[in-house]
Structures are given as C-alpha cells and as structure tokens.
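Shown next: query-v1.cif, containing mmCIF, N, CA and C atoms and all ligand atoms; chains and numbers go by the auth columns.
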```
data_coords
loop_
_atom_site.group_PDB
_atom_site.id
_atom_site.type_symbol
_atom_site.label_atom_id
_atom_site.label_comp_id
_atom_site.label_asym_id
_atom_site.label_seq_id
_atom_site.Cartn_x
_atom_site.Cartn_y
_atom_site.Cartn_z
_atom_site.B_iso_or_equiv
_atom_site.auth_seq_id
_atom_site.auth_asym_id
ATOM 1 N N MET A 1 -0.868 -7.413 99.372 0.00 480 A
ATOM 2 C CA MET A 1 -1.189 -6.438 100.414 0.00 480 A
ATOM 3 C C MET A 1 -1.253 -5.056 99.795 0.00 480 A
ATOM 4 N N LYS A 2 -2.412 -4.415 99.886 0.00 481 A
ATOM 5 C CA LYS A 2 -2.486 -3.064 99.369 0.00 481 A
ATOM 6 C C LYS A 2 -2.395 -2.084 100.544 0.00 481 A
ATOM 7 N N LEU A 3 -1.290 -1.405 100.606 0.00 482 A
ATOM 8 C CA LEU A 3 -1.095 -0.431 101.664 0.00 482 A
ATOM 9 C C LEU A 3 -0.529 0.833 101.034 0.00 482 A
ATOM 10 N N ASP A 4 -1.419 1.647 100.538 0.00 483 A
ATOM 11 C CA ASP A 4 -0.954 2.916 100.002 0.00 483 A
ATOM 12 C C ASP A 4 -0.432 3.751 101.156 0.00 483 A
ATOM 13 N N PHE A 5 0.724 4.302 100.951 0.00 484 A
ATOM 14 C CA PHE A 5 1.339 4.986 102.078 0.00 484 A
ATOM 15 C C PHE A 5 1.872 6.338 101.656 0.00 484 A
ATOM 16 N N LYS A 6 1.488 7.308 102.414 0.00 485 A
ATOM 17 C CA LYS A 6 2.173 8.589 102.355 0.00 485 A
ATOM 18 C C LYS A 6 2.327 9.008 103.804 0.00 485 A
ATOM 19 N N CYS A 7 3.554 9.198 104.202 0.00 486 A
ATOM 20 C CA CYS A 7 3.813 9.506 105.603 0.00 486 A
ATOM 21 C C CYS A 7 3.028 10.751 106.021 0.00 486 A
ATOM 22 N N CYS A 8 2.273 10.624 107.115 0.00 487 A
ATOM 23 C CA CYS A 8 1.477 11.759 107.555 0.00 487 A
ATOM 24 C C CYS A 8 2.318 12.754 108.341 0.00 487 A
ATOM 25 N N LYS A 9 3.553 12.415 108.584 0.00 488 A
ATOM 26 C CA LYS A 9 4.440 13.347 109.280 0.00 488 A
ATOM 27 C C LYS A 9 5.237 14.194 108.292 0.00 488 A
ATOM 28 N N CYS A 10 5.796 13.545 107.273 0.00 489 A
ATOM 29 C CA CYS A 10 6.686 14.290 106.379 0.00 489 A
ATOM 30 C C CYS A 10 6.248 14.207 104.924 0.00 489 A
ATOM 31 N N GLY A 11 5.235 13.371 104.591 0.00 490 A
ATOM 32 C CA GLY A 11 4.737 13.290 103.225 0.00 490 A
ATOM 33 C C GLY A 11 5.560 12.398 102.304 0.00 490 A
ATOM 34 N N CYS A 12 6.576 11.778 102.821 0.00 491 A
ATOM 35 C CA CYS A 12 7.413 10.881 102.019 0.00 491 A
ATOM 36 C C CYS A 12 6.631 9.618 101.660 0.00 491 A
ATOM 37 N N ASP A 13 6.817 9.091 100.429 0.00 492 A
ATOM 38 C CA ASP A 13 6.099 7.872 100.064 0.00 492 A
ATOM 39 C C ASP A 13 7.024 6.663 99.994 0.00 492 A
ATOM 40 N N LYS A 14 8.207 6.785 100.507 0.00 493 A
ATOM 41 C CA LYS A 14 9.125 5.634 100.561 0.00 493 A
ATOM 42 C C LYS A 14 9.017 4.995 101.942 0.00 493 A
ATOM 43 N N TYR A 15 8.818 3.674 101.924 0.00 494 A
ATOM 44 C CA TYR A 15 8.644 2.992 103.194 0.00 494 A
ATOM 45 C C TYR A 15 9.117 1.557 103.047 0.00 494 A
ATOM 46 N N GLN A 16 9.302 0.906 104.183 0.00 495 A
ATOM 47 C CA GLN A 16 9.557 -0.531 104.155 0.00 495 A
ATOM 48 C C GLN A 16 8.500 -1.206 104.996 0.00 495 A
ATOM 49 N N VAL A 17 8.152 -2.428 104.597 0.00 496 A
ATOM 50 C CA VAL A 17 7.148 -3.193 105.315 0.00 496 A
ATOM 51 C C VAL A 17 7.810 -4.417 105.913 0.00 496 A
ATOM 52 N N LYS A 18 7.549 -4.642 107.175 0.00 497 A
ATOM 53 C CA LYS A 18 8.008 -5.858 107.831 0.00 497 A
ATOM 54 C C LYS A 18 6.817 -6.530 108.483 0.00 497 A
ATOM 55 N N THR A 19 6.954 -7.793 108.742 0.00 498 A
ATOM 56 C CA THR A 19 5.885 -8.560 109.373 0.00 498 A
ATOM 57 C C THR A 19 6.300 -8.910 110.783 0.00 498 A
ATOM 58 N N THR A 20 5.356 -8.835 111.695 0.00 499 A
ATOM 59 C CA THR A 20 5.650 -9.227 113.063 0.00 499 A
ATOM 60 C C THR A 20 4.482 -10.009 113.636 0.00 499 A
ATOM 61 N N ILE A 21 4.761 -10.768 114.648 0.00 500 A
ATOM 62 C CA ILE A 21 3.729 -11.528 115.353 0.00 500 A
ATOM 63 C C ILE A 21 3.552 -10.905 116.737 0.00 500 A
ATOM 64 N N LEU A 22 2.317 -10.560 117.074 0.00 501 A
ATOM 65 C CA LEU A 22 2.055 -9.961 118.375 0.00 501 A
ATOM 66 C C LEU A 22 1.018 -10.794 119.120 0.00 501 A
ATOM 67 N N PRO A 23 1.191 -10.939 120.412 0.00 502 A
ATOM 68 C CA PRO A 23 0.180 -11.650 121.209 0.00 502 A
ATOM 69 C C PRO A 23 -1.089 -10.818 121.328 0.00 502 A
ATOM 70 N N GLU A 24 -2.233 -11.493 121.204 0.00 503 A
ATOM 71 C CA GLU A 24 -3.524 -10.820 121.333 0.00 503 A
ATOM 72 C C GLU A 24 -4.302 -11.502 122.447 0.00 503 A
ATOM 73 N N LYS A 25 -4.719 -10.719 123.417 0.00 504 A
ATOM 74 C CA LYS A 25 -5.460 -11.292 124.535 0.00 504 A
ATOM 75 C C LYS A 25 -6.753 -10.508 124.688 0.00 504 A
ATOM 76 N N SER A 26 -7.871 -11.192 124.387 0.00 505 A
ATOM 77 C CA SER A 26 -9.175 -10.580 124.613 0.00 505 A
ATOM 78 C C SER A 26 -9.714 -11.088 125.935 0.00 505 A
ATOM 79 N N PRO A 27 -10.480 -10.279 126.648 0.00 506 A
ATOM 80 C CA PRO A 27 -11.018 -10.717 127.940 0.00 506 A
ATOM 81 C C PRO A 27 -11.811 -12.009 127.790 0.00 506 A
ATOM 82 N N GLY A 28 -11.512 -12.994 128.595 0.00 507 A
ATOM 83 C CA GLY A 28 -12.248 -14.247 128.579 0.00 507 A
ATOM 84 C C GLY A 28 -11.801 -15.222 127.507 0.00 507 A
ATOM 85 N N LEU A 29 -10.900 -14.797 126.653 0.00 508 A
ATOM 86 C CA LEU A 29 -10.427 -15.689 125.595 0.00 508 A
ATOM 87 C C LEU A 29 -8.976 -16.059 125.853 0.00 508 A
ATOM 88 N N LYS A 30 -8.595 -17.165 125.230 0.00 509 A
ATOM 89 C CA LYS A 30 -7.209 -17.565 125.417 0.00 509 A
ATOM 90 C C LYS A 30 -6.289 -16.702 124.557 0.00 509 A
ATOM 91 N N LEU A 31 -5.052 -16.731 124.922 0.00 510 A
ATOM 92 C CA LEU A 31 -4.054 -15.924 124.212 0.00 510 A
ATOM 93 C C LEU A 31 -3.874 -16.433 122.783 0.00 510 A
ATOM 94 N N GLU A 32 -3.945 -15.512 121.843 0.00 511 A
ATOM 95 C CA GLU A 32 -3.684 -15.873 120.451 0.00 511 A
ATOM 96 C C GLU A 32 -2.601 -14.968 119.903 0.00 511 A
ATOM 97 N N PHE A 33 -2.068 -15.383 118.763 0.00 512 A
ATOM 98 C CA PHE A 33 -1.043 -14.562 118.140 0.00 512 A
ATOM 99 C C PHE A 33 -1.539 -14.089 116.784 0.00 512 A
ATOM 100 N N GLY A 34 -1.401 -12.825 116.533 0.00 513 A
ATOM 101 C CA GLY A 34 -1.839 -12.251 115.271 0.00 513 A
ATOM 102 C C GLY A 34 -0.657 -11.717 114.483 0.00 513 A
ATOM 103 N N THR A 35 -0.802 -11.749 113.162 0.00 514 A
ATOM 104 C CA THR A 35 0.239 -11.226 112.284 0.00 514 A
ATOM 105 C C THR A 35 -0.043 -9.766 111.980 0.00 514 A
ATOM 106 N N TYR A 36 0.969 -8.957 112.021 0.00 515 A
ATOM 107 C CA TYR A 36 0.825 -7.534 111.744 0.00 515 A
ATOM 108 C C TYR A 36 1.884 -7.084 110.757 0.00 515 A
ATOM 109 N N TYR A 37 1.500 -6.113 109.940 0.00 516 A
ATOM 110 C CA TYR A 37 2.455 -5.478 109.046 0.00 516 A
ATOM 111 C C TYR A 37 2.915 -4.169 109.677 0.00 516 A
ATOM 112 N N ILE A 38 4.196 -3.973 109.686 0.00 517 A
ATOM 113 C CA ILE A 38 4.757 -2.744 110.223 0.00 517 A
ATOM 114 C C ILE A 38 5.327 -1.937 109.063 0.00 517 A
ATOM 115 N N LYS A 39 4.764 -0.760 108.843 0.00 518 A
ATOM 116 C CA LYS A 39 5.261 0.111 107.780 0.00 518 A
ATOM 117 C C LYS A 39 6.028 1.258 108.409 0.00 518 A
ATOM 118 N N THR A 40 7.259 1.416 107.953 0.00 519 A
ATOM 119 C CA THR A 40 8.092 2.468 108.495 0.00 519 A
ATOM 120 C C THR A 40 8.507 3.426 107.388 0.00 519 A
ATOM 121 N N CYS A 41 8.269 4.711 107.598 0.00 520 A
ATOM 122 C CA CYS A 41 8.720 5.740 106.669 0.00 520 A
ATOM 123 C C CYS A 41 10.239 5.754 106.645 0.00 520 A
ATOM 124 N N LEU A 42 10.802 5.701 105.432 0.00 521 A
ATOM 125 C CA LEU A 42 12.261 5.659 105.330 0.00 521 A
ATOM 126 C C LEU A 42 12.875 7.046 105.468 0.00 521 A
ATOM 127 N N ASN A 43 12.046 8.060 105.512 0.00 522 A
ATOM 128 C CA ASN A 43 12.575 9.413 105.627 0.00 522 A
ATOM 129 C C ASN A 43 12.669 9.864 107.080 0.00 522 A
ATOM 130 N N CYS A 44 11.575 9.653 107.834 0.00 523 A
ATOM 131 C CA CYS A 44 11.567 10.161 109.215 0.00 523 A
ATOM 132 C C CYS A 44 11.393 9.068 110.253 0.00 523 A
ATOM 133 N N GLY A 45 11.058 7.851 109.809 0.00 524 A
ATOM 134 C CA GLY A 45 10.944 6.759 110.772 0.00 524 A
ATOM 135 C C GLY A 45 9.566 6.582 111.362 0.00 524 A
ATOM 136 N N TYR A 46 8.608 7.394 110.940 0.00 525 A
ATOM 137 C CA TYR A 46 7.245 7.228 111.433 0.00 525 A
ATOM 138 C C TYR A 46 6.729 5.834 111.083 0.00 525 A
ATOM 139 N N THR A 47 6.097 5.176 112.021 0.00 526 A
ATOM 140 C CA THR A 47 5.720 3.777 111.845 0.00 526 A
ATOM 141 C C THR A 47 4.232 3.570 112.071 0.00 526 A
ATOM 142 N N GLU A 48 3.632 2.782 111.172 0.00 527 A
ATOM 143 C CA GLU A 48 2.235 2.401 111.316 0.00 527 A
ATOM 144 C C GLU A 48 2.165 0.882 111.404 0.00 527 A
ATOM 145 N N ILE A 49 1.184 0.397 112.135 0.00 528 A
ATOM 146 C CA ILE A 49 0.993 -1.048 112.257 0.00 528 A
ATOM 147 C C ILE A 49 -0.391 -1.414 111.739 0.00 528 A
ATOM 148 N N TYR A 50 -0.450 -2.433 110.884 0.00 529 A
ATOM 149 C CA TYR A 50 -1.711 -2.912 110.322 0.00 529 A
ATOM 150 C C TYR A 50 -1.929 -4.363 110.722 0.00 529 A
ATOM 151 N N SER A 51 -3.172 -4.703 110.991 0.00 530 A
ATOM 152 C CA SER A 51 -3.524 -6.091 111.231 0.00 530 A
ATOM 153 C C SER A 51 -3.573 -6.843 109.911 0.00 530 A
ATOM 154 N N ALA A 52 -2.746 -7.847 109.767 0.00 531 A
ATOM 155 C CA ALA A 52 -2.711 -8.609 108.518 0.00 531 A
ATOM 156 C C ALA A 52 -4.036 -9.310 108.272 0.00 531 A
ATOM 157 N N LYS A 53 -4.687 -9.748 109.356 0.00 532 A
ATOM 158 C CA LYS A 53 -5.969 -10.419 109.237 0.00 532 A
ATOM 159 C C LYS A 53 -6.963 -9.524 108.492 0.00 532 A
ATOM 160 N N ILE A 54 -7.019 -8.265 108.893 0.00 533 A
ATOM 161 C CA ILE A 54 -7.992 -7.345 108.311 0.00 533 A
ATOM 162 C C ILE A 54 -7.552 -6.885 106.925 0.00 533 A
ATOM 163 N N VAL A 55 -6.278 -6.617 106.761 0.00 534 A
ATOM 164 C CA VAL A 55 -5.786 -6.207 105.438 0.00 534 A
ATOM 165 C C VAL A 55 -6.072 -7.298 104.416 0.00 534 A
ATOM 166 N N ASN A 56 -5.814 -8.544 104.787 0.00 535 A
ATOM 167 C CA ASN A 56 -6.033 -9.643 103.854 0.00 535 A
ATOM 168 C C ASN A 56 -7.515 -9.896 103.612 0.00 535 A
ATOM 169 N N MET A 57 -8.327 -9.618 104.619 0.00 536 A
ATOM 170 C CA MET A 57 -9.771 -9.779 104.450 0.00 536 A
ATOM 171 C C MET A 57 -10.290 -8.780 103.429 0.00 536 A
ATOM 172 N N GLU A 58 -9.818 -7.541 103.508 0.00 537 A
ATOM 173 C CA GLU A 58 -10.244 -6.521 102.553 0.00 537 A
ATOM 174 C C GLU A 58 -9.864 -6.912 101.131 0.00 537 A
ATOM 175 N N LYS A 59 -8.714 -7.574 101.011 0.00 538 A
ATOM 176 C CA LYS A 59 -8.257 -7.974 99.690 0.00 538 A
ATOM 177 C C LYS A 59 -9.249 -8.939 99.053 0.00 538 A
ATOM 178 N N HIS A 60 -9.866 -9.795 99.861 0.00 539 A
ATOM 179 C CA HIS A 60 -10.823 -10.747 99.328 0.00 539 A
ATOM 180 C C HIS A 60 -12.102 -10.043 98.878 0.00 539 A
ATOM 181 N N GLU A 61 -12.530 -9.059 99.667 0.00 540 A
ATOM 182 C CA GLU A 61 -13.779 -8.386 99.345 0.00 540 A
ATOM 183 C C GLU A 61 -13.655 -7.518 98.102 0.00 540 A
ATOM 184 N N LYS A 62 -12.558 -6.784 98.027 0.00 541 A
ATOM 185 C CA LYS A 62 -12.337 -5.901 96.885 0.00 541 A
ATOM 186 C C LYS A 62 -11.033 -6.323 96.204 0.00 541 A
ATOM 187 N N PRO A 63 -11.107 -7.189 95.204 0.00 542 A
ATOM 188 C CA PRO A 63 -9.876 -7.677 94.564 0.00 542 A
ATOM 189 C C PRO A 63 -9.035 -6.517 94.043 0.00 542 A
ATOM 190 N N CYS A 64 -7.768 -6.583 94.338 0.00 543 A
ATOM 191 C CA CYS A 64 -6.875 -5.507 93.949 0.00 543 A
ATOM 192 C C CYS A 64 -6.117 -5.921 92.688 0.00 543 A
ATOM 193 N N PRO A 65 -6.147 -5.108 91.633 0.00 544 A
ATOM 194 C CA PRO A 65 -5.489 -5.475 90.378 0.00 544 A
ATOM 195 C C PRO A 65 -3.997 -5.738 90.511 0.00 544 A
ATOM 196 N N GLN A 66 -3.356 -5.139 91.513 0.00 545 A
ATOM 197 C CA GLN A 66 -1.913 -5.323 91.664 0.00 545 A
ATOM 198 C C GLN A 66 -1.562 -6.739 92.058 0.00 545 A
ATOM 199 N N PHE A 67 -2.499 -7.442 92.680 0.00 546 A
ATOM 200 C CA PHE A 67 -2.174 -8.782 93.141 0.00 546 A
ATOM 201 C C PHE A 67 -3.066 -9.811 92.476 0.00 546 A
HETATM 202 ZN ZN ZN B . 7.984 10.379 107.266 0.00 601 B
#
```
Target format structure tokens, applied to this file:
Amino acid sequence: MKLDFKCCKCGCDKYQVKTTILPEKSPGLKLEFGTYYIKTCLNCGYTEIYSAKIVNMEKHEKPCPQF
C-alpha cells in the first residue's frame, strides 16, 4: 500500500494505518462490504480514509518499488 502521508492539519508525517470494513450500499444494488484503510496522524489525530479497492488497483497499474 503506497500512502504517502503528511498531515494537512499539522504537517506531521507520523501516522498509523488500520483496516476497517464498511458497508457500501449503492442505489438498486445489494449491500456489500468494502475494505478501507484508516490513516490517523499520531500528532493531532487527523484521520483520512482510503478505499482499499482503489488503492490496490493503483498499485497494479503503477508498480511501486517499495512493494
Ligand atoms: Zn496532524
């Protein structure tokens, strides 16, 4: 997972990543569950959520040397 992070609130680059499952309901479709990455700034607590589906898709298109 490539998630370059610099907190847009305080500029801190220390963070922790956790994974969560969230229900996704699109109109006319059945309920599905999607995986999300939750990044939390360890300095101020600012939190961003990323769709794992999309993050992982980008990884396939543009191979990242770190992984
Ligand atoms: Zn912060």
- Message: Take the PyMOL selection byres (((chain A and resi 517-532) around 6.5) and not hetatm), run it mentally on this structure, and tell me the resulting residues as a list of chain:residue names.
- Response: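 Taken on the displayed file, the PyMOL selection byres (((chain A and resi 517-532) around 6.5) and not hetatm) yields the residues A:Cys486, A:Cys491, A:Lys493, A:Tyr494, A:Gln495, A:Val496, A:Lys497, A:Thr498, A:Thr499, A:Gly513, A:Thr514, A:Tyr515, A:Tyr516, A:Ile533, A:Val534, A:Asn535, A:Met536, A:Glu537.
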Keeping only N, CA and C atoms, take the residues you just selected and write them out as a PDB file, in the frame of the given file.
```
ATOM      1  N   CYS A 486       3.554   9.198 104.202  1.00  0.00           N
ATOM      2  CA  CYS A 486       3.813   9.506 105.603  1.00  0.00           C
ATOM      3  C   CYS A 486       3.028  10.751 106.021  1.00  0.00           C
ATOM      4  N   CYS A 491       6.576  11.778 102.821  1.00  0.00           N
ATOM      5  CA  CYS A 491       7.413  10.881 102.019  1.00  0.00           C
ATOM      6  C   CYS A 491       6.631   9.618 101.660  1.00  0.00           C
ATOM      7  N   LYS A 493       8.207   6.785 100.507  1.00  0.00           N
ATOM      8  CA  LYS A 493       9.125   5.634 100.561  1.00  0.00           C
ATOM      9  C   LYS A 493       9.017   4.995 101.942  1.00  0.00           C
ATOM     10  N   TYR A 494       8.818   3.674 101.924  1.00  0.00           N
ATOM     11  CA  TYR A 494       8.644   2.992 103.194  1.00  0.00           C
ATOM     12  C   TYR A 494       9.117   1.557 103.047  1.00  0.00           C
ATOM     13  N   GLN A 495       9.302   0.906 104.183  1.00  0.00           N
ATOM     14  CA  GLN A 495       9.557  -0.531 104.155  1.00  0.00           C
ATOM     15  C   GLN A 495       8.500  -1.206 104.996  1.00  0.00           C
ATOM     16  N   VAL A 496       8.152  -2.428 104.597  1.00  0.00           N
ATOM     17  CA  VAL A 496       7.148  -3.193 105.315  1.00  0.00           C
ATOM     18  C   VAL A 496       7.810  -4.417 105.913  1.00  0.00           C
ATOM     19  N   LYS A 497       7.549  -4.642 107.175  1.00  0.00           N
ATOM     20  CA  LYS A 497       8.008  -5.858 107.831  1.00  0.00           C
ATOM     21  C   LYS A 497       6.817  -6.530 108.483  1.00  0.00           C
ATOM     22  N   THR A 498       6.954  -7.793 108.742  1.00  0.00           N
ATOM     23  CA  THR A 498       5.885  -8.560 109.373  1.00  0.00           C
ATOM     24  C   THR A 498       6.300  -8.910 110.783  1.00  0.00           C
ATOM     25  N   THR A 499       5.356  -8.835 111.695  1.00  0.00           N
ATOM     26  CA  THR A 499       5.650  -9.227 113.063  1.00  0.00           C
ATOM     27  C   THR A 499       4.482 -10.009 113.636  1.00  0.00           C
ATOM     28  N   GLY A 513      -1.401 -12.825 116.533  1.00  0.00           N
ATOM     29  CA  GLY A 513      -1.839 -12.251 115.271  1.00  0.00           C
ATOM     30  C   GLY A 513      -0.657 -11.717 114.483  1.00  0.00           C
ATOM     31  N   THR A 514      -0.802 -11.749 113.162  1.00  0.00           N
ATOM     32  CA  THR A 514       0.239 -11.226 112.284  1.00  0.00           C
ATOM     33  C   THR A 514      -0.043  -9.766 111.980  1.00  0.00           C
ATOM     34  N   TYR A 515       0.969  -8.957 112.021  1.00  0.00           N
ATOM     35  CA  TYR A 515       0.825  -7.534 111.744  1.00  0.00           C
ATOM     36  C   TYR A 515       1.884  -7.084 110.757  1.00  0.00           C
ATOM     37  N   TYR A 516       1.500  -6.113 109.940  1.00  0.00           N
ATOM     38  CA  TYR A 516       2.455  -5.478 109.046  1.00  0.00           C
ATOM     39  C   TYR A 516       2.915  -4.169 109.677  1.00  0.00           C
ATOM     40  N   ILE A 533      -7.019  -8.265 108.893  1.00  0.00           N
ATOM     41  CA  ILE A 533      -7.992  -7.345 108.311  1.00  0.00           C
ATOM     42  C   ILE A 533      -7.552  -6.885 106.925  1.00  0.00           C
ATOM     43  N   VAL A 534      -6.278  -6.617 106.761  1.00  0.00           N
ATOM     44  CA  VAL A 534      -5.786  -6.207 105.438  1.00  0.00           C
ATOM     45  C   VAL A 534      -6.072  -7.298 104.416  1.00  0.00           C
ATOM     46  N   ASN A 535      -5.814  -8.544 104.787  1.00  0.00           N
ATOM     47  CA  ASN A 535      -6.033  -9.643 103.854  1.00  0.00           C
ATOM     48  C   ASN A 535      -7.515  -9.896 103.612  1.00  0.00           C
ATOM     49  N   MET A 536      -8.327  -9.618 104.619  1.00  0.00           N
ATOM     50  CA  MET A 536      -9.771  -9.779 104.450  1.00  0.00           C
ATOM     51  C   MET A 536     -10.290  -8.780 103.429  1.00  0.00           C
ATOM     52  N   GLU A 537      -9.818  -7.541 103.508  1.00  0.00           N
ATOM     53  CA  GLU A 537     -10.244  -6.521 102.553  1.00  0.00           C
ATOM     54  C   GLU A 537      -9.864  -6.912 101.131  1.00  0.00           C
TER      55      GLU A 537
END
```
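Selection by the PyMOL selection byres (((chain A and resi 502) around 7) and not hetatm) on the present file picks out Ile500, Leu501, Glu503, Lys504, Leu510, Glu511, Phe512 and Gly513 of chain A.
Our summary of the geometry notes that atom ZN of ligand ZN 601 (chain B) is positioned 11.4 Å from atom N of Phe484 of chain A.
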- Task: Can you check which residues of chain A DSSP gives as helix (DSSP H, G or I) on the backbone and send them as a list in words?
- Result: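 Matching residues, listed in order: Ala531, Lys532, Ile533, Val534, Asn535, Met536, Glu537, Lys538, His539 and Glu540 of chain A.
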- Could you give me the residues within chain A that DSSP places in strand (DSSP E or B), as a list in words?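 For chain A, the strand (DSSP E or B) set is Tyr494, Gln495, Val496, Lys497, Thr498, Thr499, Ile500, Leu501, Pro502, Glu503, Glu511, Phe512, Gly513, Thr514, Tyr515, Tyr516, Ile517, Lys518, Thr519, Cys520, Thr526, Glu527, Ile528, Tyr529 and Ser530 of chain A.
As for atom CA of Lys488 of chain A and atom ZN of ligand ZN 601 (chain B), they are spaced 5.0 Å apart.
Straight-line separation from atom CA of Gly490 of chain A to atom ZN of ligand ZN 601 (chain B): 5.9 Å.
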N, CA, C and O atoms restored at segment 501-512 of chain A, emitted as a tab-separated table (two decimals), in the frame of the given file:
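Heads up, here's the output in out-v6.tsv:
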```tsv
chain	number	residue	atom	x	y	z
A	501	LEU	N	2.32	-10.56	117.07
A	501	LEU	CA	2.06	-9.96	118.38
A	501	LEU	C	1.02	-10.79	119.12
A	501	LEU	O	0.07	-11.30	118.52
A	502	PRO	N	1.19	-10.94	120.41
A	502	PRO	CA	0.18	-11.65	121.21
A	502	PRO	C	-1.09	-10.82	121.33
A	502	PRO	O	-1.03	-9.60	121.49
A	503	GLU	N	-2.23	-11.49	121.20
A	503	GLU	CA	-3.52	-10.82	121.33
A	503	GLU	C	-4.30	-11.50	122.45
A	503	GLU	O	-4.54	-12.69	122.40
A	504	LYS	N	-4.72	-10.72	123.42
A	504	LYS	CA	-5.46	-11.29	124.54
A	504	LYS	C	-6.75	-10.51	124.69
A	504	LYS	O	-6.76	-9.34	125.02
A	505	SER	N	-7.87	-11.19	124.39
A	505	SER	CA	-9.18	-10.58	124.61
A	505	SER	C	-9.71	-11.09	125.94
A	505	SER	O	-9.46	-12.24	126.30
A	506	PRO	N	-10.48	-10.28	126.65
A	506	PRO	CA	-11.02	-10.72	127.94
A	506	PRO	C	-11.81	-12.01	127.79
A	506	PRO	O	-12.68	-12.11	126.94
A	507	GLY	N	-11.51	-12.99	128.60
A	507	GLY	CA	-12.25	-14.25	128.58
A	507	GLY	C	-11.80	-15.22	127.51
A	507	GLY	O	-12.29	-16.33	127.45
A	508	LEU	N	-10.90	-14.80	126.65
A	508	LEU	CA	-10.43	-15.69	125.60
A	508	LEU	C	-8.98	-16.06	125.85
A	508	LEU	O	-8.26	-15.37	126.55
A	509	LYS	N	-8.60	-17.16	125.23
A	509	LYS	CA	-7.21	-17.57	125.42
A	509	LYS	C	-6.29	-16.70	124.56
A	509	LYS	O	-6.73	-16.05	123.61
A	510	LEU	N	-5.05	-16.73	124.92
A	510	LEU	CA	-4.05	-15.92	124.21
A	510	LEU	C	-3.87	-16.43	122.78
A	510	LEU	O	-3.72	-17.62	122.56
A	511	GLU	N	-3.94	-15.51	121.84
A	511	GLU	CA	-3.68	-15.87	120.45
A	511	GLU	C	-2.60	-14.97	119.90
A	511	GLU	O	-2.30	-13.93	120.48
A	512	PHE	N	-2.07	-15.38	118.76
A	512	PHE	CA	-1.04	-14.56	118.14
A	512	PHE	C	-1.54	-14.09	116.78
A	512	PHE	O	-2.06	-14.87	116.00
```
